[in-house]
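*Asks:* If it helps, the file is called my_file_14.tsv and holds TSV, N, CA and C atoms:
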```tsv
chain	number	residue	atom	x	y	z
A	1	MET	N	3.12	-31.67	-41.90
A	1	MET	CA	3.80	-30.86	-40.93
A	1	MET	C	4.89	-31.71	-40.27
A	2	TYR	N	6.08	-31.17	-40.18
A	2	TYR	CA	7.21	-31.85	-39.56
A	2	TYR	C	7.07	-31.79	-38.04
A	3	SER	N	7.12	-32.95	-37.41
A	3	SER	CA	6.96	-32.98	-35.96
A	3	SER	C	8.26	-33.35	-35.25
A	4	GLY	N	9.36	-33.29	-35.96
A	4	GLY	CA	10.65	-33.62	-35.37
A	4	GLY	C	10.98	-35.09	-35.54
A	5	PRO	N	12.19	-35.46	-35.15
A	5	PRO	CA	12.61	-36.85	-35.30
A	5	PRO	C	11.83	-37.76	-34.36
A	6	PRO	N	11.73	-39.05	-34.72
A	6	PRO	CA	11.03	-39.98	-33.84
A	6	PRO	C	11.84	-40.21	-32.57
A	7	PRO	N	11.18	-40.66	-31.51
A	7	PRO	CA	11.91	-41.00	-30.29
A	7	PRO	C	12.98	-42.06	-30.59
A	8	ALA	N	14.06	-42.02	-29.85
A	8	ALA	CA	15.18	-42.94	-30.10
A	8	ALA	C	14.72	-44.40	-30.10
A	9	ALA	N	13.86	-44.77	-29.18
A	9	ALA	CA	13.40	-46.16	-29.10
A	9	ALA	C	12.66	-46.56	-30.38
A	10	GLU	N	11.92	-45.63	-30.95
A	10	GLU	CA	11.17	-45.92	-32.18
A	10	GLU	C	12.10	-45.98	-33.39
A	11	ALA	N	13.15	-45.16	-33.38
A	11	ALA	CA	14.07	-45.10	-34.52
A	11	ALA	C	15.04	-46.27	-34.56
A	12	GLN	N	15.26	-46.92	-33.44
A	12	GLN	CA	16.19	-48.03	-33.40
A	12	GLN	C	15.76	-49.12	-34.36
A	13	GLY	N	16.70	-49.60	-35.12
A	13	GLY	CA	16.43	-50.71	-36.03
A	13	GLY	C	15.90	-50.31	-37.38
A	14	ARG	N	15.43	-49.08	-37.53
A	14	ARG	CA	14.88	-48.66	-38.83
A	14	ARG	C	15.90	-48.76	-39.96
A	15	PRO	N	17.09	-48.15	-39.83
A	15	PRO	CA	18.03	-48.24	-40.95
A	15	PRO	C	18.40	-49.68	-41.25
A	16	HIS	N	18.63	-50.46	-40.21
A	16	HIS	CA	19.03	-51.85	-40.38
A	16	HIS	C	17.96	-52.64	-41.13
A	17	SER	N	16.72	-52.55	-40.71
A	17	SER	CA	15.66	-53.33	-41.35
A	17	SER	C	15.39	-52.83	-42.76
A	18	PHE	N	15.47	-51.52	-43.00
A	18	PHE	CA	15.25	-50.99	-44.34
A	18	PHE	C	16.33	-51.47	-45.30
A	19	ILE	N	17.58	-51.39	-44.88
A	19	ILE	CA	18.68	-51.81	-45.75
A	19	ILE	C	18.60	-53.30	-46.04
A	20	ARG	N	18.27	-54.11	-45.02
A	20	ARG	CA	18.11	-55.55	-45.26
A	20	ARG	C	17.04	-55.83	-46.29
A	21	LYS	N	15.90	-55.13	-46.21
A	21	LYS	CA	14.81	-55.33	-47.16
A	21	LYS	C	15.25	-54.97	-48.57
A	22	VAL	N	15.95	-53.87	-48.72
A	22	VAL	CA	16.40	-53.43	-50.04
A	22	VAL	C	17.39	-54.42	-50.62
A	23	LEU	N	18.37	-54.84	-49.84
A	23	LEU	CA	19.36	-55.81	-50.32
A	23	LEU	C	18.71	-57.12	-50.72
A	24	LYS	N	17.74	-57.57	-49.92
A	24	LYS	CA	17.04	-58.82	-50.24
A	24	LYS	C	16.25	-58.69	-51.53
A	25	ALA	N	15.59	-57.55	-51.72
A	25	ALA	CA	14.78	-57.33	-52.92
A	25	ALA	C	15.66	-57.26	-54.17
A	26	MET	N	16.87	-56.72	-54.03
A	26	MET	CA	17.77	-56.57	-55.18
A	26	MET	C	18.46	-57.88	-55.55
A	27	GLY	N	18.50	-58.81	-54.63
A	27	GLY	CA	19.10	-60.11	-54.90
A	27	GLY	C	20.61	-60.10	-54.82
A	28	PRO	N	21.23	-61.17	-55.32
A	28	PRO	CA	22.68	-61.33	-55.20
A	28	PRO	C	23.50	-60.21	-55.86
A	29	ALA	N	22.95	-59.56	-56.84
A	29	ALA	CA	23.68	-58.48	-57.52
A	29	ALA	C	24.01	-57.33	-56.57
A	30	ALA	N	23.24	-57.19	-55.50
A	30	ALA	CA	23.46	-56.10	-54.54
A	30	ALA	C	24.62	-56.40	-53.59
A	31	GLY	N	25.06	-57.65	-53.56
A	31	GLY	CA	26.15	-58.01	-52.67
A	31	GLY	C	25.66	-58.37	-51.28
A	32	THR	N	26.61	-58.51	-50.38
A	32	THR	CA	26.28	-58.87	-49.01
A	32	THR	C	26.95	-57.89	-48.06
A	33	GLU	N	26.44	-57.84	-46.85
A	33	GLU	CA	26.98	-56.95	-45.83
A	33	GLU	C	26.78	-57.57	-44.46
A	34	TRP	N	27.65	-57.19	-43.54
A	34	TRP	CA	27.43	-57.45	-42.13
A	34	TRP	C	26.85	-56.17	-41.55
A	35	HIS	N	25.86	-56.30	-40.72
A	35	HIS	CA	25.25	-55.14	-40.07
A	35	HIS	C	25.44	-55.24	-38.57
A	36	HIS	N	25.88	-54.13	-37.97
A	36	HIS	CA	26.09	-54.07	-36.53
A	36	HIS	C	25.35	-52.85	-35.99
A	37	PRO	N	24.07	-53.02	-35.63
A	37	PRO	CA	23.30	-51.89	-35.09
A	37	PRO	C	23.66	-51.61	-33.63
A	38	ASP	N	23.65	-50.35	-33.28
A	38	ASP	CA	23.86	-49.92	-31.90
A	38	ASP	C	23.00	-48.70	-31.67
A	39	GLY	N	21.80	-48.92	-31.13
A	39	GLY	CA	20.87	-47.82	-30.96
A	39	GLY	C	20.43	-47.30	-32.33
A	40	THR	N	20.65	-46.03	-32.57
A	40	THR	CA	20.27	-45.44	-33.86
A	40	THR	C	21.44	-45.39	-34.83
A	41	THR	N	22.58	-46.00	-34.46
A	41	THR	CA	23.76	-46.04	-35.32
A	41	THR	C	23.87	-47.43	-35.94
A	42	LEU	N	24.26	-47.48	-37.21
A	42	LEU	CA	24.41	-48.75	-37.90
A	42	LEU	C	25.77	-48.78	-38.59
A	43	LEU	N	26.59	-49.76	-38.23
A	43	LEU	CA	27.86	-50.00	-38.92
A	43	LEU	C	27.59	-51.03	-40.00
A	44	ARG	N	27.91	-50.69	-41.24
A	44	ARG	CA	27.75	-51.61	-42.37
A	44	ARG	C	29.14	-51.99	-42.87
A	45	VAL	N	29.42	-53.30	-42.90
A	45	VAL	CA	30.71	-53.80	-43.36
A	45	VAL	C	30.46	-54.62	-44.62
A	46	ASN	N	31.19	-54.30	-45.67
A	46	ASN	CA	31.04	-54.99	-46.95
A	46	ASN	C	31.28	-56.48	-46.79
A	47	GLY	N	30.42	-57.28	-47.37
A	47	GLY	CA	30.52	-58.73	-47.28
A	47	GLY	C	31.68	-59.32	-48.05
A	48	LYS	N	32.33	-58.53	-48.90
A	48	LYS	CA	33.50	-59.02	-49.63
A	48	LYS	C	34.72	-59.13	-48.72
A	49	LEU	N	34.66	-58.46	-47.58
A	49	LEU	CA	35.77	-58.53	-46.63
A	49	LEU	C	35.69	-59.84	-45.86
A	50	SER	N	36.83	-60.30	-45.40
A	50	SER	CA	36.88	-61.57	-44.68
A	50	SER	C	36.23	-61.42	-43.29
A	51	PRO	N	35.82	-62.54	-42.70
A	51	PRO	CA	35.25	-62.48	-41.36
A	51	PRO	C	36.22	-61.86	-40.34
A	52	SER	N	37.52	-62.07	-40.52
A	52	SER	CA	38.48	-61.49	-39.57
A	52	SER	C	38.51	-59.97	-39.67
A	53	VAL	N	38.36	-59.43	-40.88
A	53	VAL	CA	38.31	-57.98	-41.05
A	53	VAL	C	37.01	-57.44	-40.47
A	54	ASN	N	35.91	-58.16	-40.67
A	54	ASN	CA	34.65	-57.77	-40.05
A	54	ASN	C	34.79	-57.72	-38.54
A	55	ALA	N	35.49	-58.68	-37.96
A	55	ALA	CA	35.69	-58.71	-36.51
A	55	ALA	C	36.49	-57.48	-36.06
A	56	GLN	N	37.46	-57.05	-36.87
A	56	GLN	CA	38.24	-55.86	-36.52
A	56	GLN	C	37.35	-54.61	-36.52
A	57	TYR	N	36.51	-54.48	-37.54
A	57	TYR	CA	35.59	-53.34	-37.59
A	57	TYR	C	34.62	-53.39	-36.40
A	58	THR	N	34.13	-54.58	-36.08
A	58	THR	CA	33.20	-54.75	-34.97
A	58	THR	C	33.86	-54.32	-33.66
A	59	ALA	N	35.11	-54.74	-33.46
A	59	ALA	CA	35.84	-54.37	-32.25
A	59	ALA	C	36.06	-52.85	-32.17
A	60	ALA	N	36.40	-52.25	-33.31
A	60	ALA	CA	36.62	-50.80	-33.33
A	60	ALA	C	35.31	-50.04	-33.09
A	61	PHE	N	34.20	-50.63	-33.48
A	61	PHE	CA	32.88	-50.03	-33.29
A	61	PHE	C	32.45	-50.11	-31.83
A	62	GLY	N	33.13	-50.98	-31.09
A	62	GLY	CA	32.83	-51.09	-29.66
A	62	GLY	C	31.83	-52.17	-29.31
A	63	LYS	N	31.67	-53.13	-30.20
A	63	LYS	CA	30.71	-54.22	-29.96
A	63	LYS	C	31.45	-55.51	-29.71
```
Can you give me the file's structure in the form of structure tokens?
*Replies:*
Amino acid sequence: MYSGPPPAAEAQGRPHSFIRKVLKAMGPAAGTEWHHPDGTTLLRVNGKLSPSVNAQYTAAFGK
């Protein structure tokens, strides 16, 4: 039976930790990413981009 979405506090970090586990399990072939969690929102930036581009995305994300 569906009981609705989990409380925000419980949902925080779920996407981030799940994606990290999957990428780690897949190894280097999966590539790399920067993760910027904010509550229940997760900004994922491709690791092929330079650190300066990651910083631009981070700034636009509001972090």
*Asks:* Kindly give the distance, in Å, that separates atom CA of A:His36 and atom CA of A:Pro51, rounded to a single decimal.
*Replies:* 13.3 Å
*Asks:* Record the distance separating atom N of A:Asn46 and atom CA of A:Glu33, expressed in Å with one decimal.
*Replies:*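 Taking atom N of A:Asn46 as the start and atom CA of A:Glu33 as the end point, the length is 5.0 Å.
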*Asks:* Determine the nearest neighbour of A:Pro37 from the options A:Ser52, A:Leu23, A:His16, A:Tyr57, counting all atoms listed in the file.
*Replies:*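 Nearest candidate to A:Pro37 out of A:Ser52, A:Leu23, A:His16, A:Tyr57: A:His16.
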*Asks:* Interatomic distance between atom C of A:Ala30 and atom CA of A:Ser17?
*Replies:*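 Atom CA of A:Ser17 lies 15.5 Å from atom C of A:Ala30.
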*Asks:* Taking only N, CA and C atoms into account, name the residue in A:Gly62, A:Val53, A:Gly47, A:Phe18 that is nearest to A:Trp34.
*Replies:*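 Result for the nearest residue to A:Trp34: A:Gly47.
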